[in-house]
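*Asks:* target-v9.pdb is reproduced below (PDB, C-alpha atoms).
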```pdb
ATOM      1  CA  MET M   1      73.050  43.147 -29.003  1.00  0.00           C
ATOM      2  CA  GLN M   2      70.239  45.356 -30.295  1.00  0.00           C
ATOM      3  CA  PHE M   3      68.002  42.339 -30.893  1.00  0.00           C
ATOM      4  CA  GLY M   4      68.663  41.099 -27.359  1.00  0.00           C
ATOM      5  CA  ILE M   5      67.636  44.474 -25.899  1.00  0.00           C
ATOM      6  CA  TRP M   6      64.512  44.578 -28.072  1.00  0.00           C
ATOM      7  CA  PHE M   7      63.570  41.011 -27.159  1.00  0.00           C
ATOM      8  CA  GLY M   8      64.074  41.730 -23.450  1.00  0.00           C
ATOM      9  CA  ASN M   9      61.785  44.762 -23.739  1.00  0.00           C
ATOM     10  CA  LEU M  10      59.270  42.649 -25.664  1.00  0.00           C
ATOM     11  CA  LEU M  11      59.102  40.150 -22.810  1.00  0.00           C
ATOM     12  CA  THR M  12      58.233  42.975 -20.404  1.00  0.00           C
ATOM     13  CA  GLY M  13      55.503  44.343 -22.704  1.00  0.00           C
ATOM     14  CA  ASP M  14      57.504  47.288 -24.056  1.00  0.00           C
ATOM     15  CA  LEU M  15      57.128  47.212 -27.842  1.00  0.00           C
ATOM     16  CA  GLY M  16      58.786  50.564 -28.334  1.00  0.00           C
ATOM     17  CA  VAL M  17      57.658  53.848 -29.844  1.00  0.00           C
ATOM     18  CA  SER M  18      56.438  54.442 -33.379  1.00  0.00           C
ATOM     19  CA  TYR M  19      58.622  56.974 -35.138  1.00  0.00           C
ATOM     20  CA  TYR M  20      55.786  57.898 -37.488  1.00  0.00           C
ATOM     21  CA  PHE M  21      52.931  58.349 -34.992  1.00  0.00           C
ATOM     22  CA  LYS M  22      55.080  59.371 -31.990  1.00  0.00           C
ATOM     23  CA  LYS M  23      53.057  56.998 -29.762  1.00  0.00           C
ATOM     24  CA  THR M  24      53.872  53.714 -28.091  1.00  0.00           C
ATOM     25  CA  VAL M  25      53.221  50.655 -30.207  1.00  0.00           C
ATOM     26  CA  VAL M  26      51.015  49.233 -27.425  1.00  0.00           C
ATOM     27  CA  GLU M  27      48.753  52.323 -27.715  1.00  0.00           C
ATOM     28  CA  LEU M  28      48.513  51.922 -31.484  1.00  0.00           C
ATOM     29  CA  ILE M  29      47.631  48.242 -31.184  1.00  0.00           C
ATOM     30  CA  ALA M  30      45.042  48.956 -28.465  1.00  0.00           C
ATOM     31  CA  GLN M  31      43.332  51.538 -30.712  1.00  0.00           C
ATOM     32  CA  ARG M  32      42.895  48.939 -33.435  1.00  0.00           C
ATOM     33  CA  VAL M  33      41.766  45.925 -31.374  1.00  0.00           C
ATOM     34  CA  GLU M  34      38.063  46.884 -31.212  1.00  0.00           C
ATOM     35  CA  PRO M  35      37.575  47.490 -34.954  1.00  0.00           C
ATOM     36  CA  THR M  36      39.521  44.332 -35.770  1.00  0.00           C
ATOM     37  CA  LEU M  37      37.430  42.177 -33.431  1.00  0.00           C
ATOM     38  CA  ALA M  38      34.162  43.716 -34.658  1.00  0.00           C
ATOM     39  CA  LEU M  39      35.119  43.084 -38.279  1.00  0.00           C
ATOM     40  CA  SER M  40      36.271  39.539 -37.519  1.00  0.00           C
ATOM     41  CA  ILE M  41      33.094  38.612 -35.633  1.00  0.00           C
ATOM     42  CA  LEU M  42      30.840  40.066 -38.322  1.00  0.00           C
ATOM     43  CA  THR M  43      32.816  38.274 -41.036  1.00  0.00           C
ATOM     44  CA  ILE M  44      32.500  34.936 -39.256  1.00  0.00           C
ATOM     45  CA  LEU M  45      28.751  35.442 -38.729  1.00  0.00           C
ATOM     46  CA  ILE M  46      28.171  36.275 -42.404  1.00  0.00           C
ATOM     47  CA  ALA M  47      30.374  33.400 -43.586  1.00  0.00           C
ATOM     48  CA  VAL M  48      28.530  30.861 -41.440  1.00  0.00           C
ATOM     49  CA  ALA M  49      25.123  32.299 -42.362  1.00  0.00           C
ATOM     50  CA  VAL M  50      25.941  31.876 -46.062  1.00  0.00           C
ATOM     51  CA  ALA M  51      28.068  28.707 -46.014  1.00  0.00           C
ATOM     52  CA  VAL M  52      25.861  26.442 -43.903  1.00  0.00           C
ATOM     53  CA  PRO M  53      22.652  26.838 -45.949  1.00  0.00           C
ATOM     54  CA  LEU M  54      24.586  26.525 -49.210  1.00  0.00           C
ATOM     55  CA  GLY M  55      26.331  23.396 -47.911  1.00  0.00           C
ATOM     56  CA  VAL M  56      23.001  21.879 -46.897  1.00  0.00           C
ATOM     57  CA  LEU M  57      21.573  22.649 -50.342  1.00  0.00           C
ATOM     58  CA  ALA M  58      24.583  21.090 -52.046  1.00  0.00           C
ATOM     59  CA  ALA M  59      24.319  17.958 -49.890  1.00  0.00           C
ATOM     60  CA  TRP M  60      20.580  17.724 -50.469  1.00  0.00           C
ATOM     61  CA  ARG M  61      21.007  17.821 -54.250  1.00  0.00           C
ATOM     62  CA  MET M  62      24.292  15.878 -54.376  1.00  0.00           C
ATOM     63  CA  GLY M  63      25.485  15.281 -57.936  1.00  0.00           C
ATOM     64  CA  GLY M  64      22.831  17.528 -59.479  1.00  0.00           C
ATOM     65  CA  TRP M  65      23.153  20.860 -61.246  1.00  0.00           C
ATOM     66  CA  LEU M  66      22.677  22.805 -57.978  1.00  0.00           C
ATOM     67  CA  ASP M  67      25.516  20.893 -56.314  1.00  0.00           C
ATOM     68  CA  ARG M  68      27.797  21.533 -59.277  1.00  0.00           C
ATOM     69  CA  ALA M  69      26.867  25.239 -59.423  1.00  0.00           C
ATOM     70  CA  LEU M  70      27.526  25.690 -55.708  1.00  0.00           C
ATOM     71  CA  MET M  71      30.794  23.775 -56.011  1.00  0.00           C
ATOM     72  CA  GLY M  72      31.881  26.040 -58.872  1.00  0.00           C
ATOM     73  CA  PHE M  73      30.871  29.099 -56.871  1.00  0.00           C
ATOM     74  CA  SER M  74      32.893  27.931 -53.862  1.00  0.00           C
ATOM     75  CA  VAL M  75      35.955  27.076 -55.969  1.00  0.00           C
ATOM     76  CA  MET M  76      35.745  30.514 -57.564  1.00  0.00           C
ATOM     77  CA  GLY M  77      35.463  32.034 -54.098  1.00  0.00           C
ATOM     78  CA  PHE M  78      38.755  30.650 -52.844  1.00  0.00           C
ATOM     79  CA  SER M  79      40.531  30.915 -56.212  1.00  0.00           C
ATOM     80  CA  VAL M  80      40.008  34.656 -56.693  1.00  0.00           C
ATOM     81  CA  PRO M  81      42.550  36.742 -54.756  1.00  0.00           C
ATOM     82  CA  VAL M  82      41.093  38.347 -51.647  1.00  0.00           C
ATOM     83  CA  PHE M  83      41.942  41.898 -52.705  1.00  0.00           C
ATOM     84  CA  VAL M  84      40.098  41.451 -56.021  1.00  0.00           C
ATOM     85  CA  LEU M  85      37.056  40.035 -54.252  1.00  0.00           C
ATOM     86  CA  ALA M  86      37.196  42.902 -51.753  1.00  0.00           C
ATOM     87  CA  TYR M  87      37.104  45.536 -54.499  1.00  0.00           C
ATOM     88  CA  ILE M  88      34.212  43.770 -56.213  1.00  0.00           C
ATOM     89  CA  LEU M  89      32.227  43.550 -52.966  1.00  0.00           C
ATOM     90  CA  ILE M  90      32.953  47.188 -52.068  1.00  0.00           C
ATOM     91  CA  TYR M  91      31.744  48.240 -55.492  1.00  0.00           C
ATOM     92  CA  ILE M  92      28.540  46.196 -55.328  1.00  0.00           C
ATOM     93  CA  VAL M  93      27.581  46.505 -51.637  1.00  0.00           C
ATOM     94  CA  SER M  94      28.702  50.071 -50.978  1.00  0.00           C
ATOM     95  CA  LEU M  95      28.524  51.935 -54.256  1.00  0.00           C
ATOM     96  CA  LYS M  96      25.750  50.192 -56.167  1.00  0.00           C
ATOM     97  CA  LEU M  97      23.440  48.885 -53.407  1.00  0.00           C
ATOM     98  CA  ASN M  98      24.355  51.621 -50.894  1.00  0.00           C
ATOM     99  CA  LEU M  99      24.031  49.161 -47.989  1.00  0.00           C
ATOM    100  CA  LEU M 100      27.304  49.980 -46.217  1.00  0.00           C
ATOM    101  CA  PRO M 101      29.643  52.962 -46.262  1.00  0.00           C
ATOM    102  CA  VAL M 102      32.897  52.642 -48.163  1.00  0.00           C
ATOM    103  CA  GLN M 103      34.945  53.611 -45.118  1.00  0.00           C
ATOM    104  CA  GLY M 104      34.608  54.751 -41.530  1.00  0.00           C
ATOM    105  CA  TYR M 105      34.069  53.310 -38.078  1.00  0.00           C
ATOM    106  CA  SER M 106      32.198  54.325 -34.938  1.00  0.00           C
ATOM    107  CA  ARG M 107      32.997  52.837 -31.545  1.00  0.00           C
ATOM    108  CA  ILE M 108      30.759  50.058 -30.230  1.00  0.00           C
ATOM    109  CA  ALA M 109      30.378  51.936 -26.910  1.00  0.00           C
ATOM    110  CA  GLU M 110      28.819  54.861 -28.806  1.00  0.00           C
ATOM    111  CA  SER M 111      26.424  52.752 -30.900  1.00  0.00           C
ATOM    112  CA  SER M 112      25.207  49.183 -31.343  1.00  0.00           C
ATOM    113  CA  PHE M 113      27.431  46.430 -32.709  1.00  0.00           C
ATOM    114  CA  TRP M 114      25.732  46.503 -36.121  1.00  0.00           C
ATOM    115  CA  ASP M 115      25.889  50.308 -36.359  1.00  0.00           C
ATOM    116  CA  SER M 116      29.597  50.301 -35.523  1.00  0.00           C
ATOM    117  CA  CYS M 117      30.254  47.722 -38.253  1.00  0.00           C
ATOM    118  CA  ALA M 118      28.018  49.475 -40.771  1.00  0.00           C
ATOM    119  CA  THR M 119      29.518  52.947 -40.308  1.00  0.00           C
TER     120      THR M 119
END
```
Once you've parsed the file, please lay out its structure as C-alpha cells.
*Replies:*
Amino acid sequence: MQFGIWFGNLLTGDLGVSYYFKKTVVELIAQRVEPTLALSILTILIAVAVAVPLGVLAAWRMGGWLDRALMGFSVMGFSVPVFVLAYILIYIVSLKLNLLPVQGYSRIAESSFWDSCAT
C-alpha cells in the first residue's frame, strides 16, 4: 500500500520530503543539477581532448613501443578503481600543482563556466 502511494506521488512529480534536510527532494535535486552538468561537461571535454590525440598517436605507431605504452596506460586507466584514481589526481592537480581547488563551487551565473568548474 505504501509503495503504491509513493509510486502514485512519483508519477505526479512529488518525490517527498527529506527528513535530514527538511526540504523537498525536488528542491535538493534542483540544487545539484548545475554542478553535476558542469562537472560532466568538463569531464567529457577533457577525456576527448586527451583520448583522441593519444588514439591517433597509437594508430600512427601501431605495433611500436609508443602503441604498447599507450595501450598499457589505457588498460591501467580502466583497471584502477575510480576512487583511487580520484585521490591520486586530487593530490597531484590540487595539492602539488595547485591548479584547481580541492573543493568548492561557484555558480555559472556568477562567473564563467571555467571559473565555476575551477572553484
*Asks:* Would you mind reading off the distance between CA of Val56 in chain M and CA of Gly77 in chain M, one decimal, in Å?
*Replies:*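 Between CA of Val56 in chain M and CA of Gly77 in chain M the gap is 17.6 Å.
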*Asks:* Determine the residue membership of the PyMOL selection byres ((chain M and resi 71) around 12) for the file above and supply it as a VMD selection string.
*Replies:* chain M and resid 51 54 to 55 57 to 59 61 to 70 72 to 78
*Asks:* Tell me, in Å to one decimal, how far CA of Glu27 in chain M is from CA of Leu15 in chain M.
*Replies:*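 Rounded to one decimal, the two atoms are 9.8 Å apart.
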*Asks:* May I ask for the distance between CA of Gly4 in chain M and CA of Lys22 in chain M, given in Å to one decimal place?
*Replies:*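 Computing the Euclidean distance for CA of Gly4 in chain M and CA of Lys22 in chain M yields 23.2 Å.
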*Asks:* Work out where the centre of an axis-aligned box around every listed atom of range 74-81 of chain M lies and how long its edges are once 8 Å is added on each side; give both in Å to one decimal as JSON.
*Replies:*
```
{"center_x": 37.7, "center_y": 31.9, "center_z": -55.2, "size_x": 25.7, "size_y": 25.7, "size_z": 20.7}
```
*Asks:* When distances are computed from all atoms listed in the file, which of M:Val52, M:Pro81, M:Leu89, M:Ala30 shows the smallest separation from Pro101 in chain M?
*Replies:*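 So, comparing all the options, the nearest one is M:Leu89.
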*Asks:* Please list as a PyMOL selection string every residue within 12 Å of Val17 in chain M, counting only C-alpha atoms and excluding residues in the same chain fewer than 3 positions away.
*Replies:* chain M and resi 6+9+14+20-29
*Asks:* With the PyMOL selection byres ((chain M and resi 32-44) around 8) as the selection, what would be picked from this file? Answer as a PyMOL selection string, please.
*Replies:* chain M and resi 28-31+45-48+105+107+113+117
